[in-house]
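**Student:** Input: one structure, supplied below.
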Amino acid sequence: MKRTLTFCVLLAGLGIGSVLVALSNHGTAQDPAAASKDAAANSTAPKAAPQGEQKMVRVQVFNREGKLVGPVDSPRVERTDDDWKLRLTAEQFAVLRSKGTERPFCGHLLDQKQAGVYTCAGCGLPLFTSDSKFHSGTGWPSFFQPIAPGNVAEKVDHSYGMERTEINCARCDGHLGHVFNDGPKPTGLRFCLNSASLVFTPSDKLSTLADAAAEAPAAEAKPAPARP
Ligand code: FE
């Protein structure tokens, strides 16, 4: 199992042309060793916030009835790389914390067709639903919109001489993949994901995703800013 995942998790061993095609469709071609080395040398992983200084994010979460509620304020998840390594598999760490990319057609959620919700493998934040999943033919799980606009953060990615839009979990800053403007209606967007960054929960088990932030007083919740 581990050997299969290791084989599949990162783009490696491809010709230069194939790498560039893969990158234009998705993410980076870092191998685990290089990714870890880069992460050690240029770590941007958030460090633990000083005691009493809790950063918050405004997101939508599931309540105990399995209903999506919010936006509500939820504590930002910040851990050291050493802490993440204790909580994630090697494959999850390579993608979520080191911006690695699975090889196409290898991810375990590519052909997942059940109705349900995809949450962040790092912090459990709901990110996408099966309602927006579509067959892109790229070899990576693809969605045309996130479950809620504030749950997925975007940032410009200039790596590998390209300008792409990286997508990250809004709560733990875990790398998810990239978003492109060649998706289907109604958004025209293609959110290209790594299976290793996601956990799937079927629709009849959504109450198991209950988040403490769902119990926050409704009066404190304000609408999240609209996607530009
Ligand atoms: Fe997360």
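The chains in the structure tokens are called A, B, ... from first to last as shown; in each chain the residues are counted from 1, and the ligands are counted from 1 in the order shown.
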At a cut-off of 7 Å around ligand 1, and using only C-alpha atoms and all ligand atoms, what residues come up? Please write them as a ChimeraX atom specification.
**Tutor:** /A:120-125,169-174
**Student:** Please produce a file of the residues just selected, as an mmCIF file, in the first residue's frame, where the atoms kept are C-alpha atoms.
**Tutor:**
data_model
loop_
_atom_site.group_PDB
_atom_site.id
_atom_site.type_symbol
_atom_site.label_atom_id
_atom_site.label_comp_id
_atom_site.auth_asym_id
_atom_site.auth_seq_id
_atom_site.Cartn_x
_atom_site.Cartn_y
_atom_site.Cartn_z
ATOM 1 C CA CYS A 120 -9.302 18.816 4.248
ATOM 2 C CA ALA A 121 -7.072 15.878 5.257
ATOM 3 C CA GLY A 122 -5.157 18.280 7.480
ATOM 4 C CA CYS A 123 -7.846 19.982 9.548
ATOM 5 C CA GLY A 124 -11.224 18.539 8.511
ATOM 6 C CA LEU A 125 -12.632 21.725 6.967
ATOM 7 C CA CYS A 169 -7.374 25.165 2.763
ATOM 8 C CA ALA A 170 -8.490 28.450 4.335
ATOM 9 C CA ARG A 171 -8.130 27.088 7.874
ATOM 10 C CA CYS A 172 -4.772 25.251 7.886
ATOM 11 C CA ASP A 173 -3.202 26.640 4.674
ATOM 12 C CA GLY A 174 -2.713 23.102 3.366
#
**Student:** Looking at A:Leu109, A:Leu198, A:Leu189, A:Ala213, which one is nearest to Gln60 of chain A, with distances taken over only C-alpha atoms?
**Tutor:** A:Ala213
**Student:** Run DSSP on the backbone and tell me which residues of segment 150-200 of chain A come out as strand (DSSP E); list them as a list in words.
**Tutor:** Val152, Ala153, Glu154, Lys155, Val156, Asp157, Arg164, Thr165, Glu166, Ile167, Asn168, Cys169, His175, Leu176, Gly177, His178, Val179, Phe180, Arg190, Phe191, Cys192, Leu193, Leu198, Val199 and Phe200 of chain A
**Student:** What parts of segment 73-156 of chain A does DSSP call alpha helix (DSSP H)? I'd like the answer as an MDAnalysis selection string.
**Tutor:** chainID A and resid 81:87 90:96
**Student:** I'd like to know which of A:Ser142, A:Asp211, A:His158, A:Trp84 is closest to Phe191 of chain A, using only C-alpha atoms.
**Tutor:**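 Of all the options, A:Ser142 lies closest to Phe191 of chain A.
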**Student:** Taking 3 positions as the minimum chain separation for residues in the same chain, which residues sit within 9 Å of segment 110-119 of chain A when counting only C-alpha atoms? Answer as a compact mmCIF listing (two decimals) with N, CA, C and O atoms, in the first residue's frame.
**Tutor:**
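Everything below was put into part24.txt:
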# COMPACT_ATOMS: atom_id res chain seq x y z
N PHE A 105 -4.01 10.08 -12.51
CA PHE A 105 -4.70 8.79 -12.54
C PHE A 105 -4.27 7.85 -11.42
O PHE A 105 -4.49 6.64 -11.49
N CYS A 106 -3.63 8.40 -10.37
CA CYS A 106 -3.20 7.57 -9.24
C CYS A 106 -3.99 7.85 -7.96
O CYS A 106 -4.00 7.00 -7.07
N GLY A 107 -4.59 9.00 -7.84
CA GLY A 107 -5.26 9.37 -6.60
C GLY A 107 -6.46 8.49 -6.30
O GLY A 107 -7.22 8.12 -7.20
N GLY A 122 -5.97 17.71 6.41
CA GLY A 122 -5.16 18.28 7.48
C GLY A 122 -5.97 18.72 8.68
O GLY A 122 -5.60 18.43 9.83
N CYS A 123 -7.10 19.39 8.43
CA CYS A 123 -7.85 19.98 9.55
C CYS A 123 -9.33 19.65 9.55
O CYS A 123 -10.04 20.05 10.47
N GLY A 124 -9.83 18.95 8.53
CA GLY A 124 -11.22 18.54 8.51
C GLY A 124 -12.20 19.57 7.98
O GLY A 124 -13.42 19.35 8.01
N LEU A 125 -11.72 20.70 7.49
CA LEU A 125 -12.63 21.73 6.97
C LEU A 125 -13.31 21.23 5.70
O LEU A 125 -12.64 20.72 4.79
N PRO A 126 -14.65 21.39 5.59
CA PRO A 126 -15.34 21.00 4.35
C PRO A 126 -14.83 21.85 3.17
O PRO A 126 -14.74 23.07 3.29
N LEU A 127 -14.52 21.19 2.05
CA LEU A 127 -13.94 21.93 0.92
C LEU A 127 -14.76 21.81 -0.36
O LEU A 127 -14.97 22.81 -1.06
N PHE A 128 -15.22 20.60 -0.68
CA PHE A 128 -15.96 20.39 -1.93
C PHE A 128 -17.05 19.35 -1.70
O PHE A 128 -16.99 18.59 -0.73
N THR A 129 -18.05 19.35 -2.60
CA THR A 129 -19.09 18.32 -2.53
C THR A 129 -19.12 17.55 -3.84
O THR A 129 -18.64 18.02 -4.88
N SER A 130 -19.74 16.38 -3.78
CA SER A 130 -19.86 15.55 -4.97
C SER A 130 -20.71 16.24 -6.04
O SER A 130 -20.57 15.93 -7.23
N ASP A 131 -21.57 17.19 -5.63
CA ASP A 131 -22.43 17.89 -6.60
C ASP A 131 -21.63 18.69 -7.62
O ASP A 131 -22.12 18.97 -8.72
N LYS A 133 -18.38 17.85 -8.52
CA LYS A 133 -17.29 17.03 -9.07
C LYS A 133 -17.61 16.67 -10.52
O LYS A 133 -18.76 16.36 -10.85
N HIS A 135 -15.89 14.95 -14.45
CA HIS A 135 -14.81 14.20 -15.09
C HIS A 135 -14.05 15.14 -16.02
O HIS A 135 -14.54 15.52 -17.08
N GLY A 139 -6.89 13.34 -14.95
CA GLY A 139 -6.28 12.36 -14.05
C GLY A 139 -6.27 12.80 -12.60
O GLY A 139 -5.75 12.09 -11.74
N TRP A 140 -6.82 13.98 -12.32
CA TRP A 140 -6.92 14.46 -10.94
C TRP A 140 -8.38 14.77 -10.62
O TRP A 140 -9.14 15.22 -11.51
N PRO A 141 -8.81 14.55 -9.38
CA PRO A 141 -10.18 14.90 -8.98
C PRO A 141 -10.43 16.38 -9.29
O PRO A 141 -9.62 17.24 -8.95
N SER A 142 -11.56 16.65 -9.95
CA SER A 142 -11.84 18.02 -10.40
C SER A 142 -13.24 18.46 -9.98
O SER A 142 -14.19 17.67 -10.03
N ILE A 147 -17.23 24.16 -1.71
CA ILE A 147 -18.47 24.04 -0.95
C ILE A 147 -18.94 25.41 -0.45
O ILE A 147 -20.13 25.66 -0.32
N ASN A 194 -5.53 17.21 -5.41
CA ASN A 194 -4.80 15.98 -5.08
C ASN A 194 -5.67 15.16 -4.12
O ASN A 194 -6.14 15.69 -3.11
N SER A 195 -5.83 13.88 -4.41
CA SER A 195 -6.60 13.03 -3.50
C SER A 195 -6.02 13.01 -2.10
O SER A 195 -6.75 12.94 -1.11
N SER A 197 -4.89 15.26 -0.36
CA SER A 197 -5.24 16.43 0.45
C SER A 197 -6.68 16.35 0.96
O SER A 197 -7.11 17.21 1.71
N LEU A 198 -7.40 15.31 0.54
CA LEU A 198 -8.83 15.23 0.84
C LEU A 198 -9.21 13.97 1.60
O LEU A 198 -8.54 12.93 1.48
N VAL A 199 -10.31 14.07 2.33
CA VAL A 199 -10.96 12.91 2.95
C VAL A 199 -12.42 12.94 2.52
O VAL A 199 -13.07 14.00 2.59
N PHE A 200 -12.94 11.81 2.06
CA PHE A 200 -14.33 11.75 1.59
C PHE A 200 -15.24 11.22 2.69
O PHE A 200 -14.92 10.23 3.35
N THR A 201 -16.38 11.88 2.87
CA THR A 201 -17.41 11.43 3.81
C THR A 201 -18.73 11.32 3.07
O THR A 201 -19.19 12.31 2.47
N PRO A 202 -19.38 10.14 3.06
CA PRO A 202 -20.64 10.00 2.35
C PRO A 202 -21.75 10.83 2.98
O PRO A 202 -21.69 11.19 4.16
N SER A 203 -22.77 11.13 2.17
CA SER A 203 -23.84 12.04 2.58
C SER A 203 -24.56 11.61 3.85
O SER A 203 -25.03 12.45 4.62
N ASP A 204 -24.68 10.30 4.08
CA ASP A 204 -25.41 9.84 5.26
C ASP A 204 -24.55 9.85 6.54
O ASP A 204 -24.99 9.40 7.59
N LYS A 205 -23.32 10.35 6.42
CA LYS A 205 -22.42 10.41 7.58
C LYS A 205 -21.96 11.84 7.89
O LYS A 205 -20.97 12.04 8.59
N LEU A 206 -22.68 12.84 7.35
CA LEU A 206 -22.20 14.22 7.50
C LEU A 206 -22.23 14.72 8.94
O LEU A 206 -21.51 15.64 9.29
N LEU A 209 -19.03 15.08 10.77
CA LEU A 209 -18.16 16.23 10.48
C LEU A 209 -18.49 17.42 11.38
O LEU A 209 -17.94 18.51 11.18
**Student:** Determine the nearest neighbour of Gly183 of chain A from the options A:Thr208, A:Thr89, A:Thr138, A:Gly161, counting only C-alpha atoms.
**Tutor:** A:Thr138
**Student:** Go through A:Asp82, A:Gln54, A:Gln145, A:Phe93 and flag the residue nearest Pro184 of chain A, using only C-alpha atoms for the distances.
**Tutor:**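 For Pro184 of chain A, the nearest of the given residues is A:Gln145.
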**Student:** Using only C-alpha atoms, pick whichever of A:Ser132, A:Gln92, A:Thr165, A:Asn151 has the shortest atom-to-atom distance to Arg76 of chain A.
**Tutor:**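 Ranked by minimum distance to Arg76 of chain A, first place goes to A:Asn151.
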**Student:** Could you tell me how far atom CA of Thr187 of chain A lies from atom CA of Pro149 of chain A, in Å and to one decimal?
**Tutor:**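 A separation of 12.3 Å between them.
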**Student:** Can you tell me how far atom CA of Leu176 of chain A sits from atom CA of Met56 of chain A, in Å to one decimal?
**Tutor:**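 Distance between the two atoms: 20.1 Å.
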